[in-house]
>>> print(open('model32.cif').read())   # mmCIF, C-alpha atoms
data_model
loop_
_atom_site.group_PDB
_atom_site.id
_atom_site.type_symbol
_atom_site.label_atom_id
_atom_site.label_comp_id
_atom_site.auth_asym_id
_atom_site.auth_seq_id
_atom_site.Cartn_x
_atom_site.Cartn_y
_atom_site.Cartn_z
ATOM 1 C CA MET A 28 68.204 31.566 105.177
ATOM 2 C CA LYS A 29 68.241 35.065 103.704
ATOM 3 C CA PHE A 30 68.979 36.582 107.109
ATOM 4 C CA GLY A 31 72.014 34.305 107.551
ATOM 5 C CA PHE A 32 73.249 35.186 104.075
ATOM 6 C CA PHE A 33 73.059 38.949 104.697
ATOM 7 C CA ARG A 34 74.643 38.547 108.120
ATOM 8 C CA GLY A 35 77.537 36.761 106.431
ATOM 9 C CA LEU A 36 77.910 39.602 103.943
ATOM 10 C CA LEU A 37 77.988 42.151 106.768
ATOM 11 C CA ALA A 38 80.670 40.146 108.573
ATOM 12 C CA LEU A 39 82.728 39.961 105.372
ATOM 13 C CA ALA A 40 82.368 43.733 104.828
ATOM 14 C CA GLY A 41 83.507 44.356 108.402
ATOM 15 C CA ALA A 42 86.551 42.164 107.859
ATOM 16 C CA ILE A 43 87.411 44.107 104.702
ATOM 17 C CA VAL A 44 87.141 47.426 106.564
ATOM 18 C CA ILE A 45 89.260 46.145 109.437
ATOM 19 C CA THR A 46 92.014 44.851 107.141
ATOM 20 C CA ALA A 47 91.942 47.963 104.900
ATOM 21 C CA SER A 48 92.223 50.517 107.703
ATOM 22 C CA PRO A 49 95.881 49.881 108.682
ATOM 23 C CA ALA A 50 96.992 50.235 105.060
ATOM 24 C CA GLN A 51 95.115 53.496 104.733
ATOM 25 C CA ALA A 52 96.556 54.750 108.004
ATOM 26 C CA GLN A 53 100.081 54.130 106.710
ATOM 27 C CA GLN A 54 99.581 56.477 103.750
ATOM 28 C CA GLN A 55 101.170 59.776 104.713
ATOM 29 C CA TYR A 56 101.096 63.065 102.844
ATOM 30 C CA ILE A 57 103.744 65.765 102.954
ATOM 31 C CA ASN A 58 102.390 68.815 101.168
ATOM 32 C CA VAL A 59 105.034 71.531 100.782
ATOM 33 C CA LEU A 60 103.486 75.024 100.660
ATOM 34 C CA THR A 61 105.596 77.390 98.574
ATOM 35 C CA GLY A 62 104.773 80.575 96.612
ATOM 36 C CA GLY A 63 104.344 81.653 92.990
ATOM 37 C CA THR A 64 106.066 79.477 90.387
ATOM 38 C CA SER A 65 108.287 82.366 89.244
ATOM 39 C CA GLY A 66 109.699 82.989 92.742
ATOM 40 C CA VAL A 67 112.288 81.189 94.889
ATOM 41 C CA TYR A 68 110.034 79.230 97.258
ATOM 42 C CA TYR A 69 108.591 77.081 94.470
ATOM 43 C CA PRO A 70 111.815 75.552 93.016
ATOM 44 C CA LEU A 71 113.132 75.019 96.558
ATOM 45 C CA GLY A 72 109.823 73.371 97.466
ATOM 46 C CA VAL A 73 110.115 71.018 94.497
ATOM 47 C CA ALA A 74 113.646 70.083 95.610
ATOM 48 C CA LEU A 75 112.454 69.545 99.201
ATOM 49 C CA SER A 76 109.629 67.284 98.037
ATOM 50 C CA GLN A 77 112.187 65.145 96.188
ATOM 51 C CA ILE A 78 114.348 64.944 99.319
ATOM 52 C CA TYR A 79 111.354 64.074 101.509
ATOM 53 C CA GLY A 80 110.155 61.412 99.072
ATOM 54 C CA LYS A 81 113.447 59.575 99.539
ATOM 55 C CA ALA A 82 113.677 60.169 103.290
ATOM 56 C CA ILE A 83 110.127 58.901 103.954
ATOM 57 C CA PRO A 84 109.351 56.402 101.150
ATOM 58 C CA ALA A 85 105.888 55.622 102.569
ATOM 59 C CA ALA A 86 104.840 59.268 102.222
ATOM 60 C CA LYS A 87 103.451 61.002 99.173
ATOM 61 C CA ALA A 88 105.344 64.306 98.849
ATOM 62 C CA THR A 89 103.605 67.068 96.887
ATOM 63 C CA VAL A 90 104.233 70.752 96.147
ATOM 64 C CA GLN A 91 101.574 73.468 96.214
ATOM 65 C CA ALA A 92 101.994 76.878 94.582
ATOM 66 C CA THR A 93 100.431 79.550 96.833
ATOM 67 C CA LYS A 94 100.425 83.282 97.494
ATOM 68 C CA ALA A 95 103.340 82.560 99.865
ATOM 69 C CA SER A 96 103.847 83.558 103.518
ATOM 70 C CA ALA A 97 100.413 84.556 104.874
ATOM 71 C CA GLU A 98 98.506 81.921 102.925
ATOM 72 C CA ASN A 99 101.029 79.228 103.866
ATOM 73 C CA LEU A 100 100.745 80.030 107.565
ATOM 74 C CA ASN A 101 96.945 80.056 107.521
ATOM 75 C CA LEU A 102 96.925 76.730 105.640
ATOM 76 C CA LEU A 103 99.313 75.164 108.175
ATOM 77 C CA GLN A 104 97.164 76.397 111.066
ATOM 78 C CA ALA A 105 94.173 74.702 109.398
ATOM 79 C CA GLY A 106 96.135 71.456 108.895
ATOM 80 C CA ARG A 107 96.014 71.813 105.112
ATOM 81 C CA GLY A 108 99.721 71.335 104.562
ATOM 82 C CA GLU A 109 102.654 69.812 106.421
ATOM 83 C CA ILE A 110 105.507 72.242 105.810
ATOM 84 C CA GLY A 111 105.642 75.774 104.440
ATOM 85 C CA PHE A 112 107.936 78.667 103.583
ATOM 86 C CA THR A 113 107.461 82.062 105.205
ATOM 87 C CA LEU A 114 109.152 85.368 105.831
ATOM 88 C CA GLY A 115 110.131 86.129 109.405
ATOM 89 C CA ASP A 116 107.993 89.242 109.838
ATOM 90 C CA ALA A 117 104.888 87.412 108.548
ATOM 91 C CA LEU A 118 105.630 84.565 110.964
ATOM 92 C CA SER A 119 105.827 86.979 113.908
ATOM 93 C CA ASP A 120 102.587 88.625 112.791
ATOM 94 C CA ALA A 121 100.868 85.233 112.512
ATOM 95 C CA TRP A 122 101.937 84.175 115.999
ATOM 96 C CA LYS A 123 100.637 87.456 117.446
ATOM 97 C CA GLY A 124 97.494 87.529 115.294
ATOM 98 C CA ASP A 125 97.964 90.744 113.312
ATOM 99 C CA GLU A 126 94.746 91.150 111.313
ATOM 100 C CA GLU A 127 96.192 93.833 109.030
ATOM 101 C CA ALA A 128 98.865 91.344 107.950
ATOM 102 C CA GLY A 129 96.240 88.693 107.166
ATOM 103 C CA PHE A 130 95.862 86.845 110.493
ATOM 104 C CA LYS A 131 92.485 87.248 112.187
ATOM 105 C CA VAL A 132 93.549 85.302 115.272
ATOM 106 C CA PRO A 133 96.937 84.197 116.698
ATOM 107 C CA LEU A 134 98.090 81.058 114.877
ATOM 108 C CA LYS A 135 99.253 79.090 117.895
ATOM 109 C CA LYS A 136 99.431 75.673 116.174
ATOM 110 C CA LEU A 137 102.486 76.762 114.172
ATOM 111 C CA ARG A 138 105.859 75.219 115.030
ATOM 112 C CA GLY A 139 109.312 76.077 113.709
ATOM 113 C CA ILE A 140 111.649 73.830 111.720
ATOM 114 C CA ALA A 141 114.486 76.109 110.607
ATOM 115 C CA ALA A 142 115.712 79.548 109.650
ATOM 116 C CA ILE A 143 116.865 79.040 106.081
ATOM 117 C CA TYR A 144 118.139 81.938 103.923
ATOM 118 C CA PRO A 145 117.525 85.706 103.864
ATOM 119 C CA ASN A 146 115.174 87.454 101.471
ATOM 120 C CA TYR A 147 116.315 90.715 99.976
ATOM 121 C CA ILE A 148 114.008 93.591 99.100
ATOM 122 C CA GLN A 149 114.717 94.097 95.398
ATOM 123 C CA ILE A 150 113.124 97.257 94.032
ATOM 124 C CA VAL A 151 113.698 97.175 90.299
ATOM 125 C CA ALA A 152 112.731 100.052 88.006
ATOM 126 C CA SER A 153 112.993 100.413 84.261
ATOM 127 C CA ALA A 154 115.819 102.788 83.385
ATOM 128 C CA ASP A 155 113.521 105.013 81.318
ATOM 129 C CA SER A 156 111.158 105.542 84.302
ATOM 130 C CA GLY A 157 113.605 107.994 85.866
ATOM 131 C CA ILE A 158 113.394 106.186 89.222
ATOM 132 C CA LYS A 159 116.689 106.140 91.117
ATOM 133 C CA THR A 160 115.585 106.460 94.755
ATOM 134 C CA ILE A 161 112.596 105.320 96.827
ATOM 135 C CA ALA A 162 111.372 108.917 96.877
ATOM 136 C CA ASP A 163 111.205 108.786 93.059
ATOM 137 C CA LEU A 164 108.459 106.119 93.323
ATOM 138 C CA LYS A 165 105.985 108.880 94.160
ATOM 139 C CA GLY A 166 103.440 109.156 91.346
ATOM 140 C CA LYS A 167 104.753 105.998 89.647
ATOM 141 C CA ARG A 168 103.257 102.569 88.872
ATOM 142 C CA LEU A 169 104.531 99.852 91.244
ATOM 143 C CA ALA A 170 103.873 96.112 91.648
ATOM 144 C CA VAL A 171 103.977 95.005 95.296
ATOM 145 C CA GLY A 172 103.379 91.238 95.192
ATOM 146 C CA ALA A 173 100.223 89.196 95.710
ATOM 147 C CA PRO A 174 97.756 90.620 98.291
ATOM 148 C CA LYS A 175 98.759 89.830 101.901
ATOM 149 C CA SER A 176 101.849 87.943 100.680
ATOM 150 C CA GLY A 177 105.172 88.328 102.501
ATOM 151 C CA THR A 178 106.336 90.557 99.662
ATOM 152 C CA GLU A 179 103.312 92.829 100.012
ATOM 153 C CA ILE A 180 103.780 93.075 103.789
ATOM 154 C CA ASN A 181 107.418 94.021 103.127
ATOM 155 C CA ALA A 182 106.369 96.588 100.522
ATOM 156 C CA ARG A 183 104.087 98.373 102.992
ATOM 157 C CA ALA A 184 106.846 98.417 105.619
ATOM 158 C CA VAL A 185 109.569 99.720 103.293
ATOM 159 C CA LEU A 186 107.369 102.441 101.806
ATOM 160 C CA LYS A 187 106.289 103.488 105.301
ATOM 161 C CA GLY A 188 109.941 103.653 106.387
ATOM 162 C CA ALA A 189 110.574 105.962 103.445
ATOM 163 C CA GLY A 190 107.614 108.174 104.365
ATOM 164 C CA LEU A 191 105.393 106.887 101.540
ATOM 165 C CA SER A 192 102.195 104.865 101.224
ATOM 166 C CA TYR A 193 100.209 103.306 98.393
ATOM 167 C CA LYS A 194 98.260 106.571 98.138
ATOM 168 C CA ASP A 195 101.436 108.282 96.927
ATOM 169 C CA LEU A 196 101.667 105.967 93.912
ATOM 170 C CA SER A 197 99.765 106.519 90.669
ATOM 171 C CA LYS A 198 98.993 102.792 90.439
ATOM 172 C CA VAL A 199 99.495 99.729 92.666
ATOM 173 C CA GLU A 200 99.488 96.251 91.117
ATOM 174 C CA TYR A 201 99.119 93.198 93.389
ATOM 175 C CA LEU A 202 100.918 90.664 91.224
ATOM 176 C CA PRO A 203 103.279 87.669 91.518
ATOM 177 C CA PHE A 204 106.848 88.191 90.313
ATOM 178 C CA GLY A 205 106.435 86.766 86.806
ATOM 179 C CA GLU A 206 103.349 88.824 85.997
ATOM 180 C CA SER A 207 104.852 92.071 87.283
ATOM 181 C CA VAL A 208 107.923 91.521 85.109
ATOM 182 C CA GLU A 209 105.776 90.960 82.014
ATOM 183 C CA LEU A 210 103.996 94.277 82.635
ATOM 184 C CA MET A 211 107.369 96.018 82.991
ATOM 185 C CA LYS A 212 108.506 94.561 79.676
ATOM 186 C CA ASN A 213 105.349 95.964 78.085
ATOM 187 C CA ARG A 214 105.931 99.422 79.661
ATOM 188 C CA GLN A 215 102.739 99.063 81.744
ATOM 189 C CA LEU A 216 104.642 99.348 85.044
ATOM 190 C CA ASP A 217 107.495 101.572 86.174
ATOM 191 C CA ALA A 218 108.850 99.329 88.921
ATOM 192 C CA THR A 219 108.350 96.142 90.885
ATOM 193 C CA LEU A 220 109.203 95.371 94.499
ATOM 194 C CA ILE A 221 110.204 91.760 95.032
ATOM 195 C CA SER A 222 111.110 90.124 98.333
ATOM 196 C CA ALA A 223 113.074 86.960 97.578
ATOM 197 C CA GLY A 224 116.470 85.323 97.529
ATOM 198 C CA LEU A 225 119.053 86.801 95.179
ATOM 199 C CA GLY A 226 119.034 85.831 91.537
ATOM 200 C CA VAL A 227 115.250 85.677 91.024
ATOM 201 C CA ALA A 228 114.592 84.060 87.634
ATOM 202 C CA ALA A 229 111.928 86.641 86.717
ATOM 203 C CA LEU A 230 114.331 89.535 87.419
ATOM 204 C CA ARG A 231 117.180 87.881 85.537
ATOM 205 C CA ASP A 232 114.823 87.564 82.586
ATOM 206 C CA LEU A 233 113.775 91.215 82.907
ATOM 207 C CA SER A 234 117.375 92.464 83.106
ATOM 208 C CA THR A 235 118.206 90.786 79.792
ATOM 209 C CA SER A 236 115.112 92.286 78.116
ATOM 210 C CA VAL A 237 115.141 95.919 79.263
ATOM 211 C CA LYS A 238 117.618 98.217 80.963
ATOM 212 C CA ILE A 239 116.913 98.246 84.703
ATOM 213 C CA VAL A 240 117.886 100.186 87.834
ATOM 214 C CA LEU A 241 118.090 98.604 91.298
ATOM 215 C CA VAL A 242 116.779 101.131 93.803
ATOM 216 C CA PRO A 243 118.779 101.289 97.062
ATOM 217 C CA VAL A 244 117.150 101.034 100.502
ATOM 218 C CA GLY A 245 119.383 102.832 102.989
ATOM 219 C CA PRO A 246 119.908 102.369 106.738
ATOM 220 C CA ASP A 247 117.758 105.433 107.496
ATOM 221 C CA VAL A 248 114.714 103.700 105.977
ATOM 222 C CA ILE A 249 115.474 100.461 107.856
ATOM 223 C CA ALA A 250 115.723 102.372 111.139
ATOM 224 C CA LYS A 251 112.317 103.974 110.548
ATOM 225 C CA ILE A 252 110.705 100.587 109.832
ATOM 226 C CA GLY A 253 111.511 99.768 113.455
ATOM 227 C CA ASP A 254 111.185 95.969 113.198
ATOM 228 C CA PRO A 255 114.150 93.742 114.192
ATOM 229 C CA ALA A 256 113.200 91.319 111.385
ATOM 230 C CA TYR A 257 114.441 93.964 108.923
ATOM 231 C CA GLN A 258 118.248 94.076 108.706
ATOM 232 C CA ALA A 259 120.697 95.795 106.370
ATOM 233 C CA GLY A 260 121.754 93.710 103.376
ATOM 234 C CA ILE A 261 123.584 94.009 100.058
ATOM 235 C CA ILE A 262 122.632 92.939 96.539
ATOM 236 C CA PRO A 263 126.113 92.184 95.148
ATOM 237 C CA ALA A 264 127.231 93.700 91.850
ATOM 238 C CA ARG A 265 126.413 91.599 88.768
ATOM 239 C CA THR A 266 123.550 89.764 90.450
ATOM 240 C CA TYR A 267 121.529 90.993 87.452
ATOM 241 C CA GLU A 268 122.487 92.047 83.928
ATOM 242 C CA GLY A 269 123.661 95.658 83.835
ATOM 243 C CA GLN A 270 124.073 95.939 87.634
ATOM 244 C CA ASP A 271 127.677 97.100 87.929
ATOM 245 C CA LYS A 272 127.842 97.899 91.659
ATOM 246 C CA ASP A 273 126.638 96.672 95.060
ATOM 247 C CA VAL A 274 123.208 97.975 96.067
ATOM 248 C CA PRO A 275 122.268 98.411 99.754
ATOM 249 C CA THR A 276 118.856 97.087 100.740
ATOM 250 C CA VAL A 277 116.850 95.261 103.428
ATOM 251 C CA ALA A 278 117.281 91.586 104.306
ATOM 252 C CA ILE A 279 114.584 89.516 106.050
ATOM 253 C CA GLN A 280 115.083 85.940 107.231
ATOM 254 C CA ASN A 281 113.027 83.110 105.724
ATOM 255 C CA PHE A 282 111.806 80.158 107.770
ATOM 256 C CA LEU A 283 110.451 76.669 107.245
ATOM 257 C CA VAL A 284 107.441 76.011 109.447
ATOM 258 C CA THR A 285 105.116 73.120 110.273
ATOM 259 C CA HIS A 286 102.251 72.604 112.742
ATOM 260 C CA GLU A 287 101.870 70.820 116.062
ATOM 261 C CA GLY A 288 99.817 67.982 114.535
ATOM 262 C CA LEU A 289 102.792 66.405 112.749
ATOM 263 C CA SER A 290 104.575 63.632 114.651
ATOM 264 C CA THR A 291 107.987 64.058 116.252
ATOM 265 C CA ASP A 292 109.401 61.255 114.098
ATOM 266 C CA THR A 293 108.145 62.780 110.843
ATOM 267 C CA VAL A 294 109.459 66.282 111.571
ATOM 268 C CA TYR A 295 112.781 64.833 112.744
ATOM 269 C CA LYS A 296 113.145 63.101 109.343
ATOM 270 C CA LEU A 297 112.091 66.229 107.453
ATOM 271 C CA THR A 298 114.615 68.369 109.333
ATOM 272 C CA LYS A 299 117.497 65.905 109.120
ATOM 273 C CA SER A 300 117.016 65.089 105.427
ATOM 274 C CA MET A 301 116.877 68.770 104.471
ATOM 275 C CA TRP A 302 120.141 69.675 106.193
ATOM 276 C CA GLU A 303 121.867 66.564 104.821
ATOM 277 C CA ASN A 304 120.933 67.460 101.228
ATOM 278 C CA LEU A 305 121.894 71.126 100.909
ATOM 279 C CA ASP A 306 123.699 70.433 97.620
ATOM 280 C CA HIS A 307 120.418 69.291 96.070
ATOM 281 C CA LEU A 308 118.661 72.437 97.311
ATOM 282 C CA ALA A 309 121.451 74.727 96.055
ATOM 283 C CA ALA A 310 121.233 73.052 92.640
ATOM 284 C CA SER A 311 117.544 74.013 92.467
ATOM 285 C CA HIS A 312 118.172 77.692 93.298
ATOM 286 C CA ALA A 313 121.219 79.762 94.261
ATOM 287 C CA ALA A 314 119.361 81.232 97.276
ATOM 288 C CA ALA A 315 119.879 77.924 99.101
ATOM 289 C CA LYS A 316 123.632 78.582 99.109
ATOM 290 C CA GLY A 317 122.862 80.987 101.948
ATOM 291 C CA MET A 318 121.533 78.160 104.136
ATOM 292 C CA LYS A 319 123.808 77.263 107.043
ATOM 293 C CA LYS A 320 123.037 74.691 109.702
ATOM 294 C CA GLU A 321 124.579 76.841 112.432
ATOM 295 C CA ASN A 322 122.000 79.575 111.675
ATOM 296 C CA ALA A 323 119.006 77.217 111.831
ATOM 297 C CA LEU A 324 117.692 78.648 115.100
ATOM 298 C CA LYS A 325 118.630 82.279 114.476
ATOM 299 C CA GLY A 326 115.720 84.628 115.137
ATOM 300 C CA MET A 327 113.089 81.875 115.327
ATOM 301 C CA PRO A 328 109.986 83.772 116.557
ATOM 302 C CA ILE A 329 107.836 80.717 117.403
ATOM 303 C CA PRO A 330 108.393 77.481 119.396
ATOM 304 C CA LEU A 331 110.381 74.744 117.685
ATOM 305 C CA HIS A 332 108.609 71.519 116.785
ATOM 306 C CA PRO A 333 109.856 68.685 119.064
ATOM 307 C CA GLY A 334 111.003 66.745 115.990
ATOM 308 C CA ALA A 335 113.226 69.606 114.854
ATOM 309 C CA GLU A 336 114.477 70.082 118.411
ATOM 310 C CA LYS A 337 115.420 66.397 118.552
ATOM 311 C CA TYR A 338 117.607 66.795 115.461
ATOM 312 C CA TYR A 339 119.293 69.974 116.700
ATOM 313 C CA ARG A 340 120.085 68.311 120.032
ATOM 314 C CA GLU A 341 121.527 65.367 118.153
ATOM 315 C CA ILE A 342 123.980 67.643 116.301
ATOM 316 C CA ASN A 343 124.675 69.704 119.456
ATOM 317 C CA LEU A 344 123.111 72.886 118.117
ATOM 318 C CA ILE A 345 120.934 72.773 121.230
ATOM 319 C CA LYS A 346 122.788 71.678 124.347
#
>>> encode(input="model32.cif", output="structure tokens")
Amino acid sequence: MKFGFFRGLLALAGAIVITASPAQAQQQYINVLTGGTSGVYYPLGVALSQIYGKAIPAAKATVQATKASAENLNLLQAGRGEIGFTLGDALSDAWKGDEEAGFKVPLKKLRGIAAIYPNYIQIVASADSGIKTIADLKGKRLAVGAPKSGTEINARAVLKGAGLSYKDLSKVEYLPFGESVELMKNRQLDATLISAGLGVAALRDLSTSVKIVLVPVGPDVIAKIGDPAYQAGIIPARTYEGQDKDVPTVAIQNFLVTHEGLSTDTVYKLTKSMWENLDHLAASHAAAKGMKKENALKGMPIPLHPGAEKYYREINLIK
């Protein structure tokens, strides 16, 4: 009698497991990997998660603040995120497996979704520091972004192109944008190097608090960097308070990336919904105004995900 009773319970438990599994399988997560909350990736990531939530109602869209490029790419390789922001040079380094840039092995599970907008190297010094050129950074206190972040990789490259290294500085701070700006306000830093879209909230805040100088990065420095990911760019006058003229600098393309484990259908929906909601992205941050569908494949250093390729074929961007 007891045996029959327990056998019945086991059968009932099995039925519950069988009926519960399909429902669990339908739950999908779209974790958007961004950067520090005071940068550009984070507000754009929040906007993307809102777009994705509507495009794929069955999915739970979330946003994760990270140390940006290198961390995002390593997380995607490990399957601990579905879509992430990255700088182009970090993406190339990840695909090749550049250990110095934070990639112990080649990250071959990565797949491209889109080239989005360019980052600009924005070297901002306090006016009373006396810094007007990159050479003037020698012996000064500089923030270079979080360790192994895209910004920090850019900082090493730009300083090297100018014939400098961290050893030439009196102090190097590995800090996110917001924290570096707070130290500058408190006169604990002379300058910060930020790699981001134009109009960074932290820099706008800084420019209204203290008098700043935007340090130019000329074509000679870009040529010595010797990486095609680094192109000449301009920070237009009046991007920040007190900036009365255009400032030449370096531009580096940003990309949205996923991994090979995501389905073709899911990535197709992610790609399509993003490009069909550019107004929503631009409302979250001005950097998204630089996003153009016709540039989506420009400079992509890794293979496209089949879902993204499907969308670009549909709109005749790929013939």
>>> closest_residue(input="model32.cif", among="A:Leu283, A:Ala170, A:Leu137, A:Val185", to="A:Leu103", atoms="all atoms listed in the file")
A:Leu137
>>> resolve_selection(input="model32.cif", expression="the PyMOL selection byres ((chain A and resi 88-91) around 9)", output="list in words")
Gln55, Tyr56, Ile57, Asn58, Val59, Leu60, Thr61, Gly62, Tyr69, Gly72, Val73, Leu75, Ser76, Gln77, Tyr79, Gly80, Ile83, Ala86, Lys87, Ala92, Thr93 and Gly108 of chain A
>>> resolve_selection(input="model32.cif", expression="the PyMOL selection byres ((chain A and resi 188-190) around 8)", output="number ranges by chain")
A: 161-162, 184-187, 191-192, 248-252
>>> write_last_selection(input="model32.cif", atoms="C-alpha atoms", output="JSON list (two decimals), in the coordinates of the input")
[["chain", "number", "residue", "atom", "x", "y", "z"],
["A", 161, "ILE", "CA", 112.60, 105.32, 96.83],
["A", 162, "ALA", "CA", 111.37, 108.92, 96.88],
["A", 184, "ALA", "CA", 106.85, 98.42, 105.62],
["A", 185, "VAL", "CA", 109.57, 99.72, 103.29],
["A", 186, "LEU", "CA", 107.37, 102.44, 101.81],
["A", 187, "LYS", "CA", 106.29, 103.49, 105.30],
["A", 191, "LEU", "CA", 105.39, 106.89, 101.54],
["A", 192, "SER", "CA", 102.20, 104.86, 101.22],
["A", 248, "VAL", "CA", 114.71, 103.70, 105.98],
["A", 249, "ILE", "CA", 115.47, 100.46, 107.86],
["A", 250, "ALA", "CA", 115.72, 102.37, 111.14],
["A", 251, "LYS", "CA", 112.32, 103.97, 110.55],
["A", 252, "ILE", "CA", 110.70, 100.59, 109.83]]
>>> residues_around(input="model32.cif", residues="stretch 285-288 of chain A", least_positions_apart="3", cutoff="7 Å", atoms="all atoms listed in the file", output="list in words")
Leu103, Gln104, Glu109, Ile110, Gly111, Lys136, Leu137, Arg138, Gly139, Ile140 and His332 of chain A
>>> closest_residue(input="model32.cif", among="A:Glu126, A:Glu206, A:Asp232, A:Asp292", to="A:Ala335", atoms="only C-alpha atoms")
A:Asp292
>>> atom_distance(input="model32.cif", atom1="atom CA of A:Asp306", atom2="atom CA of A:Leu71")
11.6 Å
>>> residues_near_point(input="model32.cif", point="(118.9, 77.7, 117.4)", cutoff="9 Å", atoms="all atoms listed in the file", output="count of residues only")
13
>>> atom_distance(input="model32.cif", atom1="atom CA of A:Ile158", atom2="atom CA of A:Asp217")
8.1 Å
>>> residues_around(input="model32.cif", residues="A:Gly172", least_positions_apart="4", cutoff="9 Å", atoms="all atoms listed in the file", output="list in words")
Lys94, Ser176, Gly177, Thr178, Glu179, Ile180, Ala182, Glu200, Tyr201, Leu202, Pro203, Phe204, Ser207, Thr219, Leu220, Ile221 and Ser222 of chain A
>>> closest_residue(input="model32.cif", among="A:Arg183, A:Asp163, A:Arg231, A:Gly334", to="A:Leu289", atoms="all atoms listed in the file")
A:Gly334
>>> atom_distance(input="model32.cif", atom1="atom CA of A:Tyr193", atom2="atom CA of A:Ala128")
15.4 Å
>>> closest_atom_pairs(input="model32.cif", of="stretch 136-155 of chain A", to="stretch 257-269 of chain A", cutoff="9 Å", atoms="all atoms listed in the file", output="JSON lines")
{"residue": "A:Tyr147", "atom": "CA", "partner": "A:Gly260", "partner_atom": "CA", "distance": 7.1}
{"residue": "A:Ile148", "atom": "CA", "partner": "A:Gly260", "partner_atom": "CA", "distance": 8.8}
{"residue": "A:Gln149", "atom": "CA", "partner": "A:Ile262", "partner_atom": "CA", "distance": 8.1}
